[in-house]
Structure formats: structure tokens, C-alpha cells
$ cat data-v3.cif   # mmCIF, C-alpha atoms and all ligand atoms
data_run
#
loop_
_atom_site.label_atom_id
_atom_site.label_comp_id
_atom_site.auth_asym_id
_atom_site.auth_seq_id
_atom_site.Cartn_x
_atom_site.Cartn_y
_atom_site.Cartn_z
CA MET A 1 91.61 96.42 66.33
CA GLN A 2 94.02 97.30 63.54
CA THR A 3 96.83 99.69 64.49
CA ILE A 4 99.87 101.06 62.72
CA THR A 5 103.01 102.35 64.42
CA LEU A 6 105.11 105.08 62.77
CA THR A 7 108.27 106.93 63.60
CA ARG A 8 107.02 110.38 64.58
CA PRO A 9 106.77 112.31 61.28
CA ASP A 10 108.03 115.83 60.47
CA ASP A 11 106.14 118.47 58.49
CA PHE A 12 108.46 119.95 55.89
CA HIS A 13 106.11 122.72 54.82
CA LEU A 14 103.94 124.45 57.40
CA HIS A 15 102.39 127.88 58.06
CA LEU A 16 101.71 128.88 61.63
CA ARG A 17 100.94 132.62 61.32
CA ASP A 18 101.77 134.62 64.44
CA GLY A 19 100.42 135.90 67.75
CA LYS A 20 97.10 134.67 69.08
CA ALA A 21 96.15 132.99 65.81
CA MET A 22 99.30 130.89 66.04
CA SER A 23 98.61 129.97 69.66
CA SER A 24 95.24 128.57 68.83
CA ILE A 25 96.47 126.20 66.09
CA VAL A 26 100.07 125.37 66.90
CA MET A 27 99.19 122.32 69.02
CA ASP A 28 97.37 120.71 66.11
CA SER A 29 100.72 120.29 64.41
CA ALA A 30 102.78 119.72 67.54
CA ARG A 31 100.58 116.80 68.50
CA GLN A 32 101.53 114.91 65.38
CA PHE A 33 104.89 116.14 64.16
CA GLY A 34 108.28 116.09 65.83
CA ARG A 35 109.69 118.99 63.81
CA ALA A 36 108.57 121.39 61.12
CA ILE A 37 109.97 123.71 58.48
CA ILE A 38 107.91 126.84 59.01
CA MET A 39 107.14 129.04 56.02
CA PRO A 40 106.51 132.42 57.63
CA ASN A 41 104.35 134.17 54.97
CA LEU A 42 104.18 137.03 57.42
CA LYS A 43 103.59 140.70 56.79
CA PRO A 44 106.11 142.32 57.05
CA PRO A 45 108.11 139.39 55.69
CA ILE A 46 110.88 137.61 57.58
CA VAL A 47 114.06 138.64 55.79
CA THR A 48 116.85 138.56 58.37
CA THR A 49 118.29 135.78 60.48
CA LYS A 50 117.41 137.73 63.58
CA GLN A 51 113.75 138.01 62.53
CA ALA A 52 113.66 134.30 61.78
CA LEU A 53 115.15 133.39 65.14
CA ASP A 54 112.76 135.74 66.95
CA TYR A 55 109.87 134.13 65.11
CA ARG A 56 111.16 130.71 66.16
CA LYS A 57 111.19 131.87 69.79
CA ARG A 58 107.60 133.07 69.48
CA ILE A 59 106.60 129.73 68.01
CA LEU A 60 108.21 127.79 70.84
CA ALA A 61 106.72 130.16 73.42
CA SER A 62 103.26 129.61 71.95
CA LEU A 63 103.44 125.88 72.64
CA PRO A 64 101.75 125.12 75.93
CA GLU A 65 104.75 124.80 78.19
CA ASP A 66 102.96 122.50 80.59
CA CYS A 67 102.77 119.75 78.00
CA ASP A 68 106.56 119.51 78.02
CA GLU A 69 106.38 119.57 81.79
CA ILE A 70 103.98 116.62 81.77
CA ILE A 71 106.34 114.65 79.53
CA ARG A 72 109.27 115.50 81.83
CA ALA A 73 107.18 114.45 84.83
CA LYS A 74 106.34 111.11 83.28
CA LYS A 75 109.99 110.52 82.32
CA SER A 76 111.07 111.15 85.92
CA GLY A 77 109.56 107.80 86.86
CA HIS A 78 108.39 109.28 90.16
CA ILE A 79 105.52 111.49 89.12
CA HIS A 80 102.55 109.27 88.43
CA ALA A 81 99.74 111.70 87.81
CA VAL A 82 98.67 115.33 87.56
CA LYS A 83 96.27 116.99 89.99
CA TYR A 84 93.45 119.20 88.80
CA TYR A 85 92.44 121.92 91.25
CA PRO A 86 89.60 124.23 90.33
CA ALA A 87 90.87 127.71 91.24
CA GLY A 88 90.03 128.46 94.86
CA ALA A 89 88.53 125.04 95.55
CA THR A 90 90.75 124.13 98.47
CA THR A 91 93.89 124.87 100.50
CA HIS A 92 96.30 127.04 98.45
CA ALA A 93 94.46 126.35 95.20
CA GLU A 94 94.19 130.05 94.32
CA ASP A 95 96.28 129.47 91.18
CA GLY A 96 94.21 126.51 90.07
CA VAL A 97 92.35 126.15 86.80
CA THR A 98 89.60 128.70 86.13
CA ASP A 99 88.14 126.87 83.13
CA ILE A 100 88.83 123.27 82.20
CA LYS A 101 88.97 124.28 78.53
CA ASN A 102 92.18 126.19 79.31
CA VAL A 103 93.95 122.90 79.96
CA TYR A 104 92.63 120.79 77.07
CA PRO A 105 96.13 120.64 75.50
CA GLN A 106 97.49 119.31 78.80
CA LEU A 107 94.70 116.74 78.99
CA GLU A 108 95.61 115.60 75.53
CA THR A 109 99.22 115.17 76.65
CA LEU A 110 98.06 113.19 79.67
CA VAL A 111 96.23 110.84 77.32
CA GLU A 112 99.34 110.48 75.15
CA GLN A 113 101.49 109.83 78.21
CA ASN A 114 98.87 107.52 79.72
CA MET A 115 99.04 109.53 82.93
CA PRO A 116 95.99 109.89 85.18
CA LEU A 117 94.33 113.18 86.01
CA LEU A 118 93.45 113.42 89.70
CA VAL A 119 90.42 115.60 90.12
CA HIS A 120 89.27 117.74 93.00
CA GLY A 121 85.69 117.54 91.81
CA GLU A 122 83.89 120.66 92.97
CA VAL A 123 82.69 123.65 90.97
CA MET A 124 83.89 126.93 92.38
CA ASP A 125 80.80 128.82 91.36
CA LEU A 126 79.88 130.63 94.55
CA GLU A 127 76.25 130.71 93.41
CA VAL A 128 76.18 126.93 93.77
CA ASP A 129 75.25 125.62 97.20
CA ILE A 130 78.32 124.18 98.91
CA PHE A 131 76.61 120.80 99.33
CA ASP A 132 75.91 120.63 95.57
CA ARG A 133 79.37 121.51 94.29
CA GLU A 134 80.45 117.95 93.62
CA ARG A 135 77.19 116.93 91.94
CA ILE A 136 77.23 120.00 89.66
CA PHE A 137 80.91 119.41 88.87
CA ILE A 138 80.00 116.08 87.33
CA ASP A 139 77.52 117.66 84.92
CA ARG A 140 79.46 120.80 84.11
CA VAL A 141 83.03 119.55 83.99
CA LEU A 142 83.71 115.86 84.45
CA ALA A 143 81.15 114.35 82.10
CA PRO A 144 82.01 116.70 79.19
CA VAL A 145 85.74 116.13 79.72
CA LEU A 146 85.36 112.35 79.65
CA ASP A 147 83.14 112.63 76.56
CA ARG A 148 85.83 114.58 74.81
CA PHE A 149 88.85 112.65 76.09
CA HIS A 150 87.63 109.05 76.02
CA LYS A 151 91.00 107.66 76.91
CA LEU A 152 91.85 110.05 79.72
CA ARG A 153 92.36 108.16 82.98
CA VAL A 154 90.72 110.02 85.84
CA VAL A 155 90.64 109.56 89.58
CA PHE A 156 87.69 111.41 91.07
CA GLU A 157 89.24 112.23 94.44
CA HIS A 158 87.55 112.06 97.84
CA ILE A 159 84.03 111.46 96.57
CA THR A 160 81.17 112.38 98.87
CA THR A 161 77.90 111.99 96.97
CA LYS A 162 75.66 109.27 95.62
CA GLU A 163 75.86 111.03 92.25
CA ALA A 164 79.64 110.61 92.22
CA VAL A 165 79.28 106.93 93.13
CA GLU A 166 76.78 106.38 90.31
CA PHE A 167 78.91 108.30 87.85
CA VAL A 168 82.02 106.26 88.61
CA LYS A 169 80.13 102.97 88.45
CA ALA A 170 78.60 103.89 85.10
CA GLY A 171 81.97 105.04 83.77
CA SER A 172 84.58 103.15 81.82
CA ASP A 173 87.62 101.43 83.23
CA ASN A 174 89.44 104.76 82.88
CA LEU A 175 87.48 106.28 85.73
CA ALA A 176 88.06 105.53 89.42
CA ALA A 177 87.54 107.26 92.76
CA THR A 178 89.26 107.54 96.12
CA ILE A 179 87.30 107.47 99.36
CA THR A 180 88.45 108.99 102.65
CA PRO A 181 87.83 107.53 106.10
CA HIS A 182 86.20 110.74 107.30
CA HIS A 183 83.67 110.77 104.47
CA LEU A 184 82.82 107.18 105.36
CA LEU A 185 82.31 108.08 109.02
CA LEU A 186 80.85 111.59 109.06
CA ASN A 187 77.76 113.12 107.62
CA ARG A 188 77.09 116.84 107.67
CA ASN A 189 75.45 116.66 111.09
CA ALA A 190 78.90 115.91 112.50
CA LEU A 191 79.91 119.47 111.63
CA PHE A 192 77.27 120.96 113.86
CA ALA A 193 76.68 118.33 116.56
CA GLY A 194 76.43 120.26 119.86
CA GLY A 195 78.11 123.34 118.34
CA PHE A 196 80.32 123.91 115.32
CA LYS A 197 83.09 121.30 115.06
CA PRO A 198 85.99 122.81 113.11
CA HIS A 199 87.94 119.56 113.26
CA HIS A 200 85.24 117.95 111.14
CA TYR A 201 85.43 120.65 108.51
CA CYS A 202 87.00 119.49 105.26
CA LEU A 203 86.50 119.83 101.54
CA PRO A 204 84.48 118.49 99.93
CA VAL A 205 82.29 119.16 102.93
CA PRO A 206 80.61 116.03 104.36
CA LYS A 207 77.12 115.50 102.90
CA ALA A 208 73.76 114.23 104.13
CA GLU A 209 73.47 110.70 105.53
CA GLU A 210 72.06 109.17 102.33
CA HIS A 211 75.22 110.26 100.52
CA ARG A 212 77.48 108.85 103.23
CA GLN A 213 75.59 105.58 102.91
CA ALA A 214 76.10 105.52 99.14
CA VAL A 215 79.82 106.18 99.48
CA LEU A 216 80.09 103.52 102.19
CA ALA A 217 78.29 101.01 99.99
CA ALA A 218 80.67 101.79 97.13
CA ALA A 219 83.80 101.43 99.26
CA THR A 220 82.70 98.11 100.72
CA SER A 221 81.19 96.72 97.51
CA GLY A 222 84.38 95.19 96.17
CA HIS A 223 84.13 97.31 93.02
CA PRO A 224 87.70 97.67 91.72
CA ARG A 225 87.40 101.32 90.78
CA PHE A 226 86.87 102.56 94.33
CA PHE A 227 90.00 102.61 96.46
CA LEU A 228 91.70 104.07 99.50
CA GLY A 229 92.83 107.70 99.64
CA THR A 230 92.78 109.34 103.05
CA ASP A 231 93.08 113.02 102.09
CA SER A 232 94.64 113.33 105.53
CA ALA A 233 95.27 117.07 105.72
CA PRO A 234 96.89 118.40 108.90
CA HIS A 235 96.43 122.01 109.96
CA ALA A 236 97.63 123.61 113.18
CA LYS A 237 95.01 123.68 115.93
CA HIS A 238 94.89 127.49 115.92
CA ASP A 239 94.28 127.53 112.16
CA LYS A 240 91.31 125.19 112.52
CA GLU A 241 89.90 126.87 115.63
CA SER A 242 89.73 130.27 114.04
CA ALA A 243 87.24 132.77 112.65
CA CYS A 244 88.26 131.55 109.19
CA GLY A 245 89.06 127.93 109.92
CA CYS A 246 91.05 125.84 107.44
CA ALA A 247 89.53 122.83 105.72
CA GLY A 248 91.17 119.50 106.38
CA ILE A 249 91.02 116.48 108.67
CA TYR A 250 94.11 114.75 109.96
CA SER A 251 93.53 110.98 109.89
CA ALA A 252 96.98 109.59 109.13
CA HIS A 253 97.59 108.58 112.77
CA CYS A 254 94.90 105.90 112.55
CA ALA A 255 93.88 105.69 108.89
CA ILE A 256 94.10 101.96 108.26
CA GLU A 257 92.59 101.32 111.69
CA LEU A 258 89.61 103.48 110.74
CA TYR A 259 89.11 101.77 107.40
CA THR A 260 89.35 98.41 109.16
CA GLU A 261 86.70 99.45 111.65
CA ILE A 262 84.47 100.72 108.84
CA PHE A 263 84.74 97.49 106.85
CA ALA A 264 84.30 95.35 109.98
CA THR A 265 81.19 97.29 111.02
CA ALA A 266 79.79 96.85 107.52
CA GLY A 267 80.48 93.11 107.73
CA CYS A 268 82.84 93.34 104.77
CA LEU A 269 86.29 92.79 106.28
CA GLY A 270 87.00 90.32 103.50
CA ARG A 271 86.91 93.20 101.01
CA LEU A 272 89.24 95.52 102.93
CA GLU A 273 92.51 94.30 101.45
CA ALA A 274 91.49 94.78 97.84
CA PHE A 275 90.18 98.29 98.59
CA SER A 276 93.19 99.31 100.63
CA SER A 277 96.04 97.49 98.92
CA HIS A 278 95.17 96.24 95.44
CA TYR A 279 92.75 98.36 93.45
CA GLY A 280 94.65 101.64 93.70
CA ALA A 281 97.97 100.16 92.64
CA ASP A 282 96.23 98.28 89.83
CA PHE A 283 94.57 101.43 88.53
CA TYR A 284 97.87 103.34 88.58
CA GLY A 285 99.64 100.43 86.92
CA LEU A 286 102.00 100.10 89.88
CA PRO A 287 103.08 96.80 91.38
CA ARG A 288 101.16 95.71 94.47
CA ASN A 289 103.21 95.85 97.68
CA GLN A 290 104.80 92.61 98.77
CA GLU A 291 105.02 93.26 102.53
CA THR A 292 102.11 92.73 104.88
CA ILE A 293 100.83 94.57 107.97
CA ILE A 294 98.86 93.16 110.90
CA LEU A 295 95.90 94.76 112.64
CA GLU A 296 94.40 93.44 115.84
CA LYS A 297 90.97 93.99 117.31
CA ARG A 298 91.94 95.99 120.37
CA LYS A 299 90.53 99.25 121.72
CA TRP A 300 92.84 102.20 122.14
CA THR A 301 92.30 105.90 122.70
CA VAL A 302 93.48 108.50 120.21
CA PRO A 303 95.55 111.31 121.82
CA GLU A 304 93.81 114.67 122.30
CA ILE A 305 96.65 116.46 120.62
CA LEU A 306 99.72 115.73 118.49
CA SER A 307 102.73 117.90 117.86
CA PHE A 308 102.95 119.55 114.47
CA GLY A 309 106.25 121.35 113.98
CA ASP A 310 106.20 124.24 116.43
CA ASP A 311 102.42 123.91 116.65
CA GLU A 312 99.90 121.34 117.74
CA LEU A 313 97.19 119.58 115.85
CA VAL A 314 93.98 117.89 116.82
CA PRO A 315 93.80 114.47 115.16
CA PHE A 316 90.61 112.83 113.92
CA ARG A 317 88.84 110.99 116.78
CA ALA A 318 90.86 112.98 119.35
CA GLY A 319 90.25 111.57 122.83
CA LYS A 320 87.96 108.86 121.45
CA GLU A 321 88.35 105.14 120.92
CA CYS A 322 89.46 103.16 117.91
CA GLN A 323 88.51 99.49 117.70
CA TRP A 324 91.51 98.19 115.78
CA LYS A 325 95.23 98.68 116.26
CA LEU A 326 98.08 98.28 113.86
CA LYS A 327 100.66 95.85 115.25
CA HIS A 328 104.24 96.96 115.01
O1 LIG A 401 89.73 119.40 103.46
C1 LIG A 401 90.64 119.43 102.64
N1 LIG A 401 91.90 119.81 102.99
N2 LIG A 401 90.38 119.10 101.40
C2 LIG A 401 91.29 119.23 100.41
O2 LIG A 401 90.96 118.97 99.30
C3 LIG A 401 92.65 119.75 100.72
C4 LIG A 401 92.99 119.62 102.12
C5 LIG A 401 94.20 120.45 102.55
O3 LIG A 401 95.19 120.48 101.81
O4 LIG A 401 94.17 121.05 103.60
ZN ZN A 402 93.38 116.49 99.21
#

$ encode --input "data-v3.cif" --output "C-alpha cells"
Amino acid sequence: MQTITLTRPDDFHLHLRDGKAMSSIVMDSARQFGRAIIMPNLKPPIVTTKQALDYRKRILASLPEDCDEIIRAKKSGHIHAVKYYPAGATTHAEDGVTDIKNVYPQLETLVEQNMPLLVHGEVMDLEVDIFDRERIFIDRVLAPVLDRFHKLRVVFEHITTKEAVEFVKAGSDNLAATITPHHLLLNRNALFAGGFKPHHYCLPVPKAEEHRQAVLAAATSGHPRFFLGTDSAPHAKHDKESACGCAGIYSAHCAIELYTEIFATAGCLGRLEAFSSHYGADFYGLPRNQETIILEKRKWTVPEILSFGDDELVPFRAGKECQWKLKH
């Protein structure tokens, strides 16, 4: 492919108008040009220094601030991605995005900065059945976004459905997915087995068995765009065991042991290392870790309760056995 590299140009004669009209077009210029000489052509005209400086402030304020924030984040060297939360989709996501179109300028900046967008992929349309929210998200949000932003790198987080698996597989190298241990181990029956089980409640909510099977097949397939992400999400016991219980499963106390058990049970232990230690780093463009860890096949029992600040939490598999143990 032929490419040409230029010093970022300036626009020495530009009209931006004012107010809402300005807001809707200002990014078109800002995307390309480093600076601009703005010809106001406003009514009333700009005739004093103060008016000109006020106009300048309005212009700067009309630039989506978050784009600068994304550039600052990238420059920090420690912020590797940006998370997309649909408003209300999960814990403390009330201030999330109400319409993906509202953040198109930010998505464009992510493309420019080659930074991934990490997606909580559920529609927050309360008309949509809770078990369908991920599937519908693909059609309504993710597919159109990827059509529009071909080069946007996306991690579809904590996938739970066969539709998500298919979508990721059919996608380009820019699209990957994380898979949690609990979504590999639980189907939706686990939420209601012998009474409601708040410690199995998480978002996205576990799906029917055929979906769990599809996600399990993806994780253990050796496909390089599926990789480990626990979504371990601790909540105090009393917040989970409540009339309005929080979503989230704490798995960090035995995460790699669980993944090991899952891969061993599937007869795919040989694919565990790539899933857990290579593919994610590769997708993010980070170096693979150099150190190693050792796991041994040895039964142990997960504690019933762990301390959590001044509270307690009930870990995943509380009081039950794990088949593998990390060696220290
Ligand atoms: O179950 C969940 N809990 N899912 C999420 O996406 C967030 C998490 C939390 O922060 O509690
Ligand atoms: Zn999460």
C-alpha cells in the first residue's frame, strides 16, 4: 500500500461559525490540522480583542475534551485502553454512554492513537430480555461501530453467548474477546439451583448451557483472539445477600487454578498458556511476561469467607474443591 507522511498541516483560513453549528463541524478540522487562523464572519462581528479571545475560548470548549484526555492517557504510558460502559449497564456505570454516536469523536481518536476500546457489550434497553442484551448489542451497537471505524481495536469483554463467539471469529484482527472463569463454569441454572444464588449473579448474566458450551469451545480452541480476563468483581457479603444484590463474582483467589481445571477437563491443557499468557499481551501490543508460575494437580478447599476491608466476602467456589493449586 502506498502511504505518505506529512508534518501535521495548519489551516490558515477557516470559518467555524459559533454555538451548536460550530460543535458539529469543529472536529472535522481538528482531526487534520494542528492550528488554524479562524475568520469569524459572525453577526455581530468580532471587533475587539476581548470578543476575539472569548470566541477562541468557545472554539476550544467546543472541541470534545475527552479526545485530549485520550491523547494524554496514551502518552502516560500506563493507560492502555478506554472502557466503554453503556449507561446503567453495570456497577457504578450510571454516567456511562447513552448513545454510542455521542462518542464517535473519541472513537476516532482511539483509532488515531491505536488504543483499544474495551466494551461492556450489553444494550441497556429495559425492553430487551436480560438474556438477550449481549446478542442485541452486537446488532445494534458493535457491528455498526466496527463498520464505521474499520481500524478501531476492540475487546469485547466477558463474552457469554454463541453469537458473541461467532461475531469475534468472523471479525478482523482488530476484534478480540475476554472470557471469565465463571462464564466458562456456570450456566443460568447455577443462579437458581436449589434457591436463588446471589454469589453466582454477575453481568452479563450467565446464559443457557448451549452458550456456555460455545464460549468454552472458543476459549479452548487456541484461537488467538480469545484470551483471559477474569472480571473478578468483589462485593461485600451483605451487598450480595440483599434485596437488591450487587452483580459480580470474586474469582481472583483461584482464577488461574479455575482456568487450569477448565482446560484440563476439556482435554486442552496444551492450549492454556497461550490463552492465559500470550494472546492478551499480543493483542495489546505488550511484551509477554518472562517469569513463569507452576500449578500442581492437587485438591484444596476454597475458604467459605474472605476478609474484605471491614467486611467479608464470599469467594467463588466457597467451601468447595479446586483441582489445581498454584505453587508458591
Ligand atoms: O458482574 C459484574 N460486576 N459485571 C461487571 O461488568 C462489573 C462488575 C463489578 O464491577 O461489580
Ligand atoms: Zn468488569

$ residues_around --input "data-v3.cif" --residues "stretch 101-112 of chain A" --least-positions-apart "5" --cutoff "9 Å" --atoms "only C-alpha atoms" --output "PDB file with C-alpha atoms, in the coordinates of the input"
ATOM      1  CA  MET A  27      99.190 122.320  69.020  1.00  0.00           C
ATOM      2  CA  ARG A  31     100.580 116.800  68.500  1.00  0.00           C
ATOM      3  CA  PRO A  64     101.750 125.120  75.930  1.00  0.00           C
ATOM      4  CA  ASP A  66     102.960 122.500  80.590  1.00  0.00           C
ATOM      5  CA  CYS A  67     102.770 119.750  78.000  1.00  0.00           C
ATOM      6  CA  ASP A  68     106.560 119.510  78.020  1.00  0.00           C
ATOM      7  CA  ILE A  70     103.980 116.620  81.770  1.00  0.00           C
ATOM      8  CA  ILE A  71     106.340 114.650  79.530  1.00  0.00           C
ATOM      9  CA  ALA A  81      99.740 111.700  87.810  1.00  0.00           C
ATOM     10  CA  VAL A  82      98.670 115.330  87.560  1.00  0.00           C
ATOM     11  CA  LEU A 117      94.330 113.180  86.010  1.00  0.00           C
ATOM     12  CA  VAL A 145      85.740 116.130  79.720  1.00  0.00           C
ATOM     13  CA  PHE A 149      88.850 112.650  76.090  1.00  0.00           C
ATOM     14  CA  HIS A 150      87.630 109.050  76.020  1.00  0.00           C
ATOM     15  CA  LYS A 151      91.000 107.660  76.910  1.00  0.00           C
ATOM     16  CA  LEU A 152      91.850 110.050  79.720  1.00  0.00           C
ATOM     17  CA  ARG A 153      92.360 108.160  82.980  1.00  0.00           C
TER      18      ARG A 153
END

$ closest_residue --input "data-v3.cif" --among "A:Lys207, A:Pro198, A:Ala274, A:Leu63" --to "A:Asp129" --atoms "all atoms listed in the file"
A:Lys207

$ atom_distance --input "data-v3.cif" --atom1 "atom CA of A:Ala252" --atom2 "atom CA of A:Ile159"
18.1 Å

$ residues_near_ligand --input "data-v3.cif" --ligand "ligand LIG 401 (chain A)" --cutoff "8 Å" --atoms "only C-alpha atoms and all ligand atoms" --output "JSON, numbers by chain"
{"A": [89, 90, 91, 92, 120, 158, 201, 202, 203, 204, 205, 231, 232, 233, 234, 235, 246, 247, 248, 249]}

$ residues_around --input "data-v3.cif" --residues "stretch 310-318 of chain A" --least-positions-apart "5" --cutoff "12 Å" --atoms "all atoms listed in the file" --output "PyMOL selection string"
chain A and resi 181-183+185-186+190+197-202+230+232-241+248-255+257-258+300-305+323

$ atom_distance --input "data-v3.cif" --atom1 "atom CA of A:Ala243" --atom2 "atom CA of A:Pro86"
24.0 Å

$ closest_residue --input "data-v3.cif" --among "A:Ala52, A:Leu42, A:Ile138, A:Ala93" --to "ligand ZN 402 (chain A)" --atoms "all atoms listed in the file"
A:Ala93

$ closest_residue --input "data-v3.cif" --among "A:Glu209, A:Asp11, A:Glu94, A:Glu157" --to "ligand ZN 402 (chain A)" --atoms "all atoms listed in the file"
A:Glu157

$ residues_around --input "data-v3.cif" --residues "A:Arg133" --least-positions-apart "2" --cutoff "9 Å" --atoms "only C-alpha atoms" --output "mmCIF file with C-alpha atoms, keeping the file's coordinate frame"
data_model
loop_
_atom_site.group_PDB
_atom_site.id
_atom_site.type_symbol
_atom_site.label_atom_id
_atom_site.label_comp_id
_atom_site.auth_asym_id
_atom_site.auth_seq_id
_atom_site.Cartn_x
_atom_site.Cartn_y
_atom_site.Cartn_z
ATOM 1 C CA GLY A 121 85.690 117.540 91.810
ATOM 2 C CA GLU A 122 83.890 120.660 92.970
ATOM 3 C CA VAL A 123 82.690 123.650 90.970
ATOM 4 C CA MET A 124 83.890 126.930 92.380
ATOM 5 C CA ASP A 125 80.800 128.820 91.360
ATOM 6 C CA VAL A 128 76.180 126.930 93.770
ATOM 7 C CA ASP A 129 75.250 125.620 97.200
ATOM 8 C CA ILE A 130 78.320 124.180 98.910
ATOM 9 C CA PHE A 131 76.610 120.800 99.330
ATOM 10 C CA ARG A 135 77.190 116.930 91.940
ATOM 11 C CA ILE A 136 77.230 120.000 89.660
ATOM 12 C CA PHE A 137 80.910 119.410 88.870
ATOM 13 C CA ILE A 138 80.000 116.080 87.330
ATOM 14 C CA PRO A 204 84.480 118.490 99.930
#

$ closest_residue --input "data-v3.cif" --among "A:Phe33, A:Tyr85, A:Phe12, A:Phe227" --to "ligand ZN 402 (chain A)" --atoms "all atoms listed in the file"
A:Tyr85

$ decode --input "data-v3.cif" --residues "stretch 137-150 of chain A" --atoms "N, CA, C and O atoms" --output "compact mmCIF listing (two decimals), in the first residue's frame"
# COMPACT_ATOMS: atom_id res chain seq x y z
N PHE A 137 -26.83 -6.27 21.48
CA PHE A 137 -25.76 -5.26 21.46
C PHE A 137 -24.90 -5.41 20.20
O PHE A 137 -24.48 -4.42 19.60
N ILE A 138 -24.67 -6.64 19.80
CA ILE A 138 -23.85 -6.87 18.61
C ILE A 138 -24.51 -6.22 17.40
O ILE A 138 -23.86 -5.48 16.65
N ASP A 139 -25.81 -6.47 17.23
CA ASP A 139 -26.51 -5.93 16.05
C ASP A 139 -26.67 -4.42 16.11
O ASP A 139 -26.49 -3.73 15.13
N ARG A 140 -27.03 -3.93 17.31
CA ARG A 140 -27.38 -2.51 17.39
C ARG A 140 -26.17 -1.61 17.54
O ARG A 140 -26.20 -0.45 17.13
N VAL A 141 -25.13 -2.08 18.17
CA VAL A 141 -24.01 -1.19 18.51
C VAL A 141 -22.68 -1.65 17.91
O VAL A 141 -22.03 -0.93 17.15
N LEU A 142 -22.28 -2.87 18.23
CA LEU A 142 -20.91 -3.27 17.91
C LEU A 142 -20.67 -3.40 16.41
O LEU A 142 -19.67 -2.89 15.88
N ALA A 143 -21.58 -4.07 15.72
CA ALA A 143 -21.39 -4.25 14.28
C ALA A 143 -21.36 -2.90 13.55
O ALA A 143 -20.44 -2.65 12.76
N PRO A 144 -22.33 -2.01 13.80
CA PRO A 144 -22.27 -0.70 13.13
C PRO A 144 -20.99 0.08 13.46
O PRO A 144 -20.42 0.74 12.59
N VAL A 145 -20.55 0.01 14.71
CA VAL A 145 -19.34 0.75 15.09
C VAL A 145 -18.12 0.22 14.32
O VAL A 145 -17.31 0.98 13.80
N LEU A 146 -18.03 -1.10 14.24
CA LEU A 146 -16.87 -1.68 13.54
C LEU A 146 -16.95 -1.43 12.03
O LEU A 146 -15.93 -1.31 11.36
N ASP A 147 -18.18 -1.34 11.50
CA ASP A 147 -18.34 -0.98 10.08
C ASP A 147 -17.83 0.43 9.83
O ASP A 147 -17.21 0.71 8.81
N ARG A 148 -18.13 1.30 10.76
CA ARG A 148 -17.77 2.70 10.58
C ARG A 148 -16.29 2.96 10.90
O ARG A 148 -15.64 3.76 10.24
N PHE A 149 -15.81 2.30 11.94
CA PHE A 149 -14.40 2.51 12.35
C PHE A 149 -13.64 1.20 12.11
O PHE A 149 -13.39 0.43 13.04
N HIS A 150 -13.27 0.99 10.84
CA HIS A 150 -12.64 -0.28 10.47
C HIS A 150 -11.40 -0.58 11.28
O HIS A 150 -11.07 -1.72 11.53
